[in-house]
Amino acid sequence: MKTVSVRSIKDLVARLCVEANIILRPDIEAALRTGYRQEANKRSREILGMLLENSRLARTRKLALCQDTGMAVVYVDVGQGVRLTGGSLEHAVHQGVREGYRKGYFRESVVRDPLSRKGKLSGAPAVVHTSLVPGDKVTVTVSPKGFGSENKSRVKMFLPTDTTDTIKKFIVKTVEEAGPSACPPFVIGVGIGGTFEMACYLAKKSLLRPVTKRNRKPGLKKLEQALMRDINNLHIGPMGLGGKTTCLGVNILDYPTHIAGLPVAVNIGCHATRSATGNL
Amino acid sequence: MNKGRWKIADTVLYTGTLYTARDQAHKRLVETIRAGKNPPIDLAEAVIYYAGPTPSPVKNMIGACGPTTSSRMDVFTPILLEHGLRAMVGKGARSEEVRKAIKKYGAVYFLTIAGAGAYLSTKIKSARVVAYKDLGAEAIYRLEVEDFPLIVGIDARGKSIY
């Protein structure tokens with residue numbers, strides 16, 4: 001049995017926090033570049049140009065892409081052939097996030113008590129999703145989630161008899177209401193099916209998929225493309241000031257659900273939708 | 001700053017002082033005013049920037065510093081305008097109540113480049129905390145900026161870009 005120390009997972013998490021926050025994902029950068037080439041609205045084009053310049057500056061000066069370095073969402077896939085040693089996996093992840101955020105000079109945006117809002121801010125805890133998977137590797141993905149876009153996300157329990165068209169309208173309406181303040185152009189994560197929390201999890205997880213890749217199921221691929229068209233037709237544009245570029249990609253994930261229901265979640269991702277992955 | 005001269009969608013490269021204030025700082029400013037006390041900054045002179053920067057290894061500097069969602073400050077803005085505030089910088093649309101108050105007091109609301117924190121940090125020449133240090137990233141920082149890009153979102157006549 002392969003042994004992995006939780007300390008090495010902590011170090012990996014710290015490194016990925018830094019990487020995710022300062023290096024724009026290549027798929028997002030490419031989508032912004034395409035938007036910049038195709039945008040006809042002069043001001044929108046200028047803003048897209050500044051976002052590309054922002055990415056260059058962040059990478060070369062090791063600065064955070066955005067001051068909202070988010071709440072870290074960490075996915076840990078542990079191979080079933082791995083034995084973890086040296087303490088608690090979850091503590092190691094939180095400690096890694098704490099260290100990564102200090103090392104990167106990132107904003108500590110996590111408030112310990114959500115109601116009183118009191119106490120010193122911290123980079124941690126992260127939101128941790130752990131899965132047991134076949135194999136003998138540990139794969140870690142860190143995805144810092146900014147709250148300008150997170151605040152505009154929605155979940156709705158549809159009727160099993162509702163049509164795909166009704167669901168499409170809900171998704172487009174959610175994006176329309178997200179509007180200028182959620183940092184368009186967006187990456188839209190959609191979770192369909194499962195239970196209440198599963199739909200939300202899927203919506204979030206779908207944001208990890210490169211925007212250049214479509215769902216492998218032909219029906220969902222078509223739905224992603226149709227939503228992308230409808231959302232771009234909203235003409236929200238960069239900073240909400242108009243233009244063709246409202247959406248960089250729509251990513252859908254689905255799961256079987258109950259005969260009585262049809263949960264749908266929409267997680268809004270900003271134009272700095274971030275994630276970084278590493279293995280042990 | 002001559003607030004009356006700008007129209008919506010005008011672009012401005014601003015050189016001068018910005019004071020950061022976001023959710024918790026706004027809550028405290030308004031509590032202070034309601035208690036009949038003086039806020040820690042002179043509102044009539046201040047341009048408030050809705051932002052919470054990342055720290056920097058360099059002294060008297062900050063890291064990334066882009067705007068946060070302005071609408072979360074909407075409940076606090078009219079009372080600040082009533083007490084002298086005339087200019088704000090943030091991202092996104094404002095409430096109808098804020099738009100009317102901006103018109104009433106001849107103030108101005110600017111947008112700046114949302115999500116371009118690293119880019120905007122290059123326009124900031126110095127930064128120091130002037131109030132509410134215990135709030136960490138939500139403290140009030142005094143920023144000296146040069147050629148900081150602004151777009152007029154709501155002008156003194158109450159016209160809105162959105």
# chains A, B, ... in the order shown; residues from 1 in each chain; ligands from 1
$ closest_atom_pairs --of "chain A" --to "chain B" --cutoff "8 Å" --atoms "only C-alpha atoms" --output "Markdown table"
| residue | atom | partner | partner_atom | distance |
| --- | --- | --- | --- | --- |
| A:Ile47 | CA | B:Ile113 | CA | 7.1 |
| A:Met50 | CA | B:Ala116 | CA | 7.2 |
| A:Leu51 | CA | B:Ala116 | CA | 5.9 |
| A:Glu53 | CA | B:Tyr119 | CA | 6.9 |
| A:Asn54 | CA | B:Tyr119 | CA | 4.7 |
| A:Ser55 | CA | B:Ala118 | CA | 7.7 |
| A:Leu57 | CA | B:Ala118 | CA | 6.3 |
| A:Ala58 | CA | B:Ala118 | CA | 5.6 |
| A:Leu63 | CA | B:Ala118 | CA | 6.0 |
| A:Ala64 | CA | B:Ala64 | CA | 5.8 |
| A:Leu65 | CA | B:Ala118 | CA | 5.4 |
| A:Cys66 | CA | B:Gly117 | CA | 4.4 |
| A:Gln67 | CA | B:Ala64 | CA | 4.6 |
| A:Asp68 | CA | B:Gly52 | CA | 7.7 |
| A:Tyr105 | CA | B:Pro55 | CA | 5.4 |
| A:Phe106 | CA | B:Thr54 | CA | 5.2 |
| A:Arg107 | CA | B:Thr54 | CA | 4.3 |
| A:Glu108 | CA | B:Ala137 | CA | 7.2 |
| A:Ser109 | CA | B:Ala137 | CA | 7.5 |
| A:Lys120 | CA | B:Gly136 | CA | 7.5 |
| A:Leu121 | CA | B:Gly136 | CA | 6.8 |
| A:Gly148 | CA | B:Thr69 | CA | 6.2 |
| A:Gly179 | CA | B:Gly92 | CA | 7.7 |
| A:Pro180 | CA | B:Gly92 | CA | 4.9 |
| A:Ser181 | CA | B:Gly92 | CA | 4.1 |
| A:Ala182 | CA | B:Thr69 | CA | 7.5 |
| A:Cys183 | CA | B:Ala114 | CA | 6.0 |
| A:Met239 | CA | B:Ala114 | CA | 6.3 |
| A:Gly240 | CA | B:Gly92 | CA | 7.3 |
| A:Leu241 | CA | B:Tyr162 | CA | 7.4 |
| A:His271 | CA | B:Gly115 | CA | 7.5 |
| A:Ala272 | CA | B:Gly115 | CA | 7.1 |
$ select_by_dssp --residues "chain B" --states "strand (DSSP E)" --output "ChimeraX atom specification"
/B:11-20,47-49,87-90,108-111,124-131,140-154
$ residues_around --residues "Val30 of chain B" --least-positions-apart "3" --cutoff "8 Å" --atoms "only C-alpha atoms" --output "PyMOL selection string"
chain B and resi 26-27+33-34+76+79-80
$ residues_around --residues "Lys145 of chain A" --least-positions-apart "5" --cutoff "8 Å" --atoms "only C-alpha atoms" --output "ChimeraX atom specification"
/A:69-73,150,273-274
$ residues_around --residues "segment 74-80 of chain A" --least-positions-apart "3" --cutoff "6 Å" --atoms "only C-alpha atoms" --output "PDB file with N, CA and C atoms, in the first residue's frame"
ATOM      1  N   VAL A 128     -14.075  21.731   2.035  1.00  0.00           N
ATOM      2  CA  VAL A 128     -13.339  20.559   1.561  1.00  0.00           C
ATOM      3  C   VAL A 128     -14.297  19.476   1.067  1.00  0.00           C
ATOM      4  N   HIS A 129     -14.067  19.012  -0.146  1.00  0.00           N
ATOM      5  CA  HIS A 129     -14.829  17.887  -0.695  1.00  0.00           C
ATOM      6  C   HIS A 129     -13.873  16.723  -0.909  1.00  0.00           C
ATOM      7  N   THR A 130     -14.040  15.659  -0.140  1.00  0.00           N
ATOM      8  CA  THR A 130     -13.148  14.506  -0.241  1.00  0.00           C
ATOM      9  C   THR A 130     -13.865  13.343  -0.917  1.00  0.00           C
ATOM     10  N   SER A 131     -13.184  12.696  -1.868  1.00  0.00           N
ATOM     11  CA  SER A 131     -13.754  11.511  -2.513  1.00  0.00           C
ATOM     12  C   SER A 131     -12.751  10.375  -2.457  1.00  0.00           C
ATOM     13  N   LEU A 132     -13.267   9.169  -2.314  1.00  0.00           N
ATOM     14  CA  LEU A 132     -12.414   7.986  -2.438  1.00  0.00           C
ATOM     15  C   LEU A 132     -12.544   7.494  -3.870  1.00  0.00           C
ATOM     16  N   VAL A 133     -11.409   7.329  -4.532  1.00  0.00           N
ATOM     17  CA  VAL A 133     -11.435   6.924  -5.946  1.00  0.00           C
ATOM     18  C   VAL A 133     -10.511   5.717  -6.145  1.00  0.00           C
ATOM     19  N   PRO A 134     -10.701   4.961  -7.220  1.00  0.00           N
ATOM     20  CA  PRO A 134      -9.788   3.842  -7.479  1.00  0.00           C
ATOM     21  C   PRO A 134      -8.361   4.350  -7.722  1.00  0.00           C
ATOM     22  N   GLY A 135      -7.372   3.504  -7.485  1.00  0.00           N
ATOM     23  CA  GLY A 135      -5.989   3.872  -7.800  1.00  0.00           C
ATOM     24  C   GLY A 135      -5.158   4.173  -6.567  1.00  0.00           C
ATOM     25  N   ASP A 136      -3.926   4.635  -6.788  1.00  0.00           N
ATOM     26  CA  ASP A 136      -3.043   4.909  -5.644  1.00  0.00           C
ATOM     27  C   ASP A 136      -2.432   6.315  -5.732  1.00  0.00           C
ATOM     28  N   LYS A 137      -3.255   7.251  -6.226  1.00  0.00           N
ATOM     29  CA  LYS A 137      -2.805   8.649  -6.288  1.00  0.00           C
ATOM     30  C   LYS A 137      -3.667   9.510  -5.382  1.00  0.00           C
ATOM     31  N   VAL A 138      -3.118  10.648  -4.982  1.00  0.00           N
ATOM     32  CA  VAL A 138      -3.942  11.666  -4.324  1.00  0.00           C
ATOM     33  C   VAL A 138      -3.966  12.866  -5.265  1.00  0.00           C
ATOM     34  N   THR A 139      -5.142  13.275  -5.688  1.00  0.00           N
ATOM     35  CA  THR A 139      -5.271  14.435  -6.572  1.00  0.00           C
ATOM     36  C   THR A 139      -5.962  15.562  -5.810  1.00  0.00           C
ATOM     37  N   VAL A 140      -5.330  16.733  -5.855  1.00  0.00           N
ATOM     38  CA  VAL A 140      -5.874  17.880  -5.123  1.00  0.00           C
ATOM     39  C   VAL A 140      -6.165  19.013  -6.107  1.00  0.00           C
ATOM     40  N   THR A 141      -7.363  19.587  -6.010  1.00  0.00           N
ATOM     41  CA  THR A 141      -7.700  20.780  -6.784  1.00  0.00           C
ATOM     42  C   THR A 141      -8.105  21.884  -5.826  1.00  0.00           C
ATOM     43  N   VAL A 142      -7.481  23.037  -5.976  1.00  0.00           N
ATOM     44  CA  VAL A 142      -7.858  24.202  -5.162  1.00  0.00           C
ATOM     45  C   VAL A 142      -8.562  25.196  -6.077  1.00  0.00           C
TER      46      VAL A 142
END
$ closest_residue --among "A:Arg25, A:Lys244, A:Arg214, A:Arg59" --to "Pro185 of chain A" --atoms "only C-alpha atoms"
A:Lys244
$ select_by_dssp --residues "segment 40-153 of chain B" --states "alpha helix (DSSP H)" --output "ChimeraX atom specification"
/B:77-82,96-105,117-121
$ write_last_selection --atoms "C-alpha atoms" --output "CSV table (one decimal), in the first residue's frame"
chain,number,residue,atom,x,y,z
B,77,THR,CA,-25.1,55.4,1.1
B,78,PRO,CA,-27.9,57.9,1.4
B,79,ILE,CA,-27.0,58.8,5.0
B,80,LEU,CA,-23.3,59.2,4.0
B,81,LEU,CA,-24.4,61.5,1.2
B,82,GLU,CA,-26.5,63.5,3.6
B,96,GLU,CA,-33.1,53.6,-7.0
B,97,GLU,CA,-32.9,55.2,-3.6
B,98,VAL,CA,-29.1,55.7,-4.0
B,99,ARG,CA,-29.6,57.1,-7.5
B,100,LYS,CA,-32.1,59.7,-6.2
B,101,ALA,CA,-29.8,60.6,-3.3
B,102,ILE,CA,-26.9,61.1,-5.7
B,103,LYS,CA,-29.1,63.5,-7.7
B,104,LYS,CA,-30.3,65.3,-4.6
B,105,TYR,CA,-26.8,66.0,-3.3
B,117,GLY,CA,-7.1,43.9,-9.1
B,118,ALA,CA,-3.5,43.4,-10.2
B,119,TYR,CA,-3.8,46.0,-13.0
B,120,LEU,CA,-5.4,48.6,-10.7
B,121,SER,CA,-2.7,48.0,-8.0
$ residues_around --residues "Ile167 of chain A" --least-positions-apart "5" --cutoff "10 Å" --atoms "only C-alpha atoms" --output "ChimeraX atom specification"
/A:156,158,162,172-173,192,262-264
$ closest_residue --among "A:Leu202, A:Ala31, A:Leu208, A:Val175" --to "Ile236 of chain A" --atoms "only C-alpha atoms"
A:Val175
$ closest_residue --among "B:Met61, B:Met88, B:Ile140, B:Ala107" --to "Asp74 of chain B" --atoms "only C-alpha atoms"
B:Met88
$ residues_around --residues "segment 147-152 of chain B" --least-positions-apart "4" --cutoff "7 Å" --atoms "only C-alpha atoms" --output "PyMOL selection string"
chain B and resi 7-15+109-112+123
$ write_last_selection --atoms "N, CA, C and O atoms" --output "PDB file, in the first residue's frame"
ATOM      1  N   LYS B   7     -20.574  63.535 -17.187  1.00  0.00           N
ATOM      2  CA  LYS B   7     -21.801  62.881 -17.643  1.00  0.00           C
ATOM      3  C   LYS B   7     -21.555  61.374 -17.637  1.00  0.00           C
ATOM      4  O   LYS B   7     -20.403  60.934 -17.742  1.00  0.00           O
ATOM      5  N   ILE B   8     -22.662  60.602 -17.560  1.00  0.00           N
ATOM      6  CA  ILE B   8     -22.496  59.145 -17.567  1.00  0.00           C
ATOM      7  C   ILE B   8     -21.668  58.702 -18.762  1.00  0.00           C
ATOM      8  O   ILE B   8     -21.736  59.294 -19.834  1.00  0.00           O
ATOM      9  N   ALA B   9     -20.896  57.645 -18.515  1.00  0.00           N
ATOM     10  CA  ALA B   9     -20.029  57.008 -19.510  1.00  0.00           C
ATOM     11  C   ALA B   9     -18.751  57.792 -19.798  1.00  0.00           C
ATOM     12  O   ALA B   9     -17.886  57.306 -20.537  1.00  0.00           O
ATOM     13  N   ASP B  10     -18.601  58.981 -19.214  1.00  0.00           N
ATOM     14  CA  ASP B  10     -17.316  59.678 -19.338  1.00  0.00           C
ATOM     15  C   ASP B  10     -16.232  58.839 -18.673  1.00  0.00           C
ATOM     16  O   ASP B  10     -16.474  58.215 -17.645  1.00  0.00           O
ATOM     17  N   THR B  11     -15.047  58.841 -19.265  1.00  0.00           N
ATOM     18  CA  THR B  11     -13.944  58.168 -18.589  1.00  0.00           C
ATOM     19  C   THR B  11     -13.007  59.223 -17.996  1.00  0.00           C
ATOM     20  O   THR B  11     -12.808  60.292 -18.574  1.00  0.00           O
ATOM     21  N   VAL B  12     -12.493  58.908 -16.827  1.00  0.00           N
ATOM     22  CA  VAL B  12     -11.660  59.842 -16.085  1.00  0.00           C
ATOM     23  C   VAL B  12     -10.417  59.083 -15.632  1.00  0.00           C
ATOM     24  O   VAL B  12     -10.521  57.937 -15.195  1.00  0.00           O
ATOM     25  N   LEU B  13      -9.227  59.691 -15.769  1.00  0.00           N
ATOM     26  CA  LEU B  13      -8.043  59.116 -15.137  1.00  0.00           C
ATOM     27  C   LEU B  13      -7.785  59.956 -13.891  1.00  0.00           C
ATOM     28  O   LEU B  13      -7.361  61.105 -13.990  1.00  0.00           O
ATOM     29  N   TYR B  14      -8.078  59.385 -12.737  1.00  0.00           N
ATOM     30  CA  TYR B  14      -8.077  60.159 -11.496  1.00  0.00           C
ATOM     31  C   TYR B  14      -6.724  60.081 -10.792  1.00  0.00           C
ATOM     32  O   TYR B  14      -6.170  58.992 -10.599  1.00  0.00           O
ATOM     33  N   THR B  15      -6.213  61.227 -10.409  1.00  0.00           N
ATOM     34  CA  THR B  15      -5.007  61.294  -9.590  1.00  0.00           C
ATOM     35  C   THR B  15      -5.374  62.016  -8.304  1.00  0.00           C
ATOM     36  O   THR B  15      -5.920  63.118  -8.356  1.00  0.00           O
ATOM     37  N   TYR B 109     -21.156  58.746  -8.877  1.00  0.00           N
ATOM     38  CA  TYR B 109     -20.763  57.350  -8.641  1.00  0.00           C
ATOM     39  C   TYR B 109     -19.968  56.861  -9.843  1.00  0.00           C
ATOM     40  O   TYR B 109     -20.448  56.907 -10.970  1.00  0.00           O
ATOM     41  N   PHE B 110     -18.745  56.438  -9.558  1.00  0.00           N
ATOM     42  CA  PHE B 110     -17.874  55.941 -10.624  1.00  0.00           C
ATOM     43  C   PHE B 110     -17.789  54.421 -10.607  1.00  0.00           C
ATOM     44  O   PHE B 110     -17.869  53.802  -9.554  1.00  0.00           O
ATOM     45  N   LEU B 111     -17.560  53.864 -11.780  1.00  0.00           N
ATOM     46  CA  LEU B 111     -17.203  52.447 -11.889  1.00  0.00           C
ATOM     47  C   LEU B 111     -15.711  52.383 -12.128  1.00  0.00           C
ATOM     48  O   LEU B 111     -15.130  53.296 -12.705  1.00  0.00           O
ATOM     49  N   THR B 112     -15.096  51.269 -11.691  1.00  0.00           N
ATOM     50  CA  THR B 112     -13.744  51.014 -12.169  1.00  0.00           C
ATOM     51  C   THR B 112     -13.678  49.555 -12.612  1.00  0.00           C
ATOM     52  O   THR B 112     -14.664  48.827 -12.489  1.00  0.00           O
ATOM     53  N   LYS B 123      -1.685  51.385 -10.267  1.00  0.00           N
ATOM     54  CA  LYS B 123      -2.063  52.802 -10.240  1.00  0.00           C
ATOM     55  C   LYS B 123      -2.026  53.374  -8.826  1.00  0.00           C
ATOM     56  O   LYS B 123      -2.301  54.552  -8.616  1.00  0.00           O
TER      57      LYS B 123
END
$ atom_distance --atom1 "atom CA of Leu207 of chain A" --atom2 "atom CA of Ile188 of chain A"
7.1 Å
